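**Q** Structure below; questions to follow.
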Amino acid sequence: MFDIPSSINSKSQVVNVELSLEMDRAREGAFQVALYKLTNEWSEGSSQGGQGEGAGGTIQGLDATWKNRIHPGHAWIKRGGDFEIEPSAVSMVKGPGSYTWSGPRLNEDVQNWINGTHRNYGWILIGDESESITAKRFSSRTGPSAPVLEIEYIFN
């Protein structure tokens, strides 16, 4: 979930949205990574994964897991996350570096959050899950290079 500045209100028209993420670790191979709008609330605990985070970790507090959006006891409707079927944006990724997602559906997501049409639960990032050993690690808000959400808008 991203905090939308209060200066961007329902009288604002979103013109362009870009989400930039820094990948700091990756297995070989290039493939598309898509952002899907989450449709249910979730929680962020304090667990830390081992082996470069690729091996997961012990559940701490109110973590979101494969089974639960808020652990314990608040399951996802669909294991792995509740999200829209169509991606909001897609970007080709390969090795470590900066990557950006943008497009009309991303603009629409943010506009709907601002208008209150949809709740802001953020996006889930999904890459190639058809093969094993395709992990790519993007820095989170607590990492060395936090995600950046840029919103260009017109105030009407």
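Numbering starts fresh at 1 for the residues of each chain in the structure tokens, the chains themselves are lettered A, B, ... in the order given, and ligands are numbered from 1 as they appear.
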Mind checking DSSP for chain A and telling me the helix (DSSP H, G or I) residues as a list in words?
**A**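 So, restricting chain A to helix (DSSP H, G or I), we get Pro104, Arg105, Leu106, Asn107, Glu108, Asp109, Val110, Gln111, Asn112, Trp113, Ile114 and Asn115 of chain A.
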**Q** May I ask which of the residues A:His71, A:Phe2, A:Arg25, A:Ser46 is the closest one to A:Pro147, counting only C-alpha atoms?
**A** A:Phe2
**Q** Could you tell me which of A:Leu35, A:Ala146, A:Leu62, A:Ile8 comes closest to A:Gly122 if we count only C-alpha atoms?
**A**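 Nearest candidate to A:Gly122 out of A:Leu35, A:Ala146, A:Leu62, A:Ile8: A:Leu35.
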**Q** Please provide the set of residues having any atom within 8 Å of A:Pro87, restricted to only C-alpha atoms, with same-chain residues fewer than 6 positions apart removed, written as a PDB file with C-alpha atoms, in the first residue's frame.
**A**
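The result, stored in around-v5.pdb:
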ATOM      1  CA  ALA A  34       3.512  -7.699 -13.595  1.00  0.00           C
ATOM      2  CA  LEU A  35       1.828  -5.522 -10.988  1.00  0.00           C
ATOM      3  CA  TYR A  36      -1.671  -6.624  -9.986  1.00  0.00           C
ATOM      4  CA  LYS A  37      -3.992  -4.475  -7.876  1.00  0.00           C
ATOM      5  CA  ARG A 105      -4.377   0.831 -15.746  1.00  0.00           C
TER       6      ARG A 105
END
**Q** Measuring atom to atom with only C-alpha atoms, identify which of A:Leu106, A:Ile70, A:Ile85, A:Val33 is nearest to A:Glu129.
**A**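 Among the listed residues, A:Val33 lies closest to A:Glu129.
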**Q** Which residue is closest to A:Gly95? Choose from A:Leu38, A:Val148, A:Ala135, A:Leu19 and count only C-alpha atoms.
**A**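 Of the candidates, the smallest distance to A:Gly95 is held by A:Ala135.
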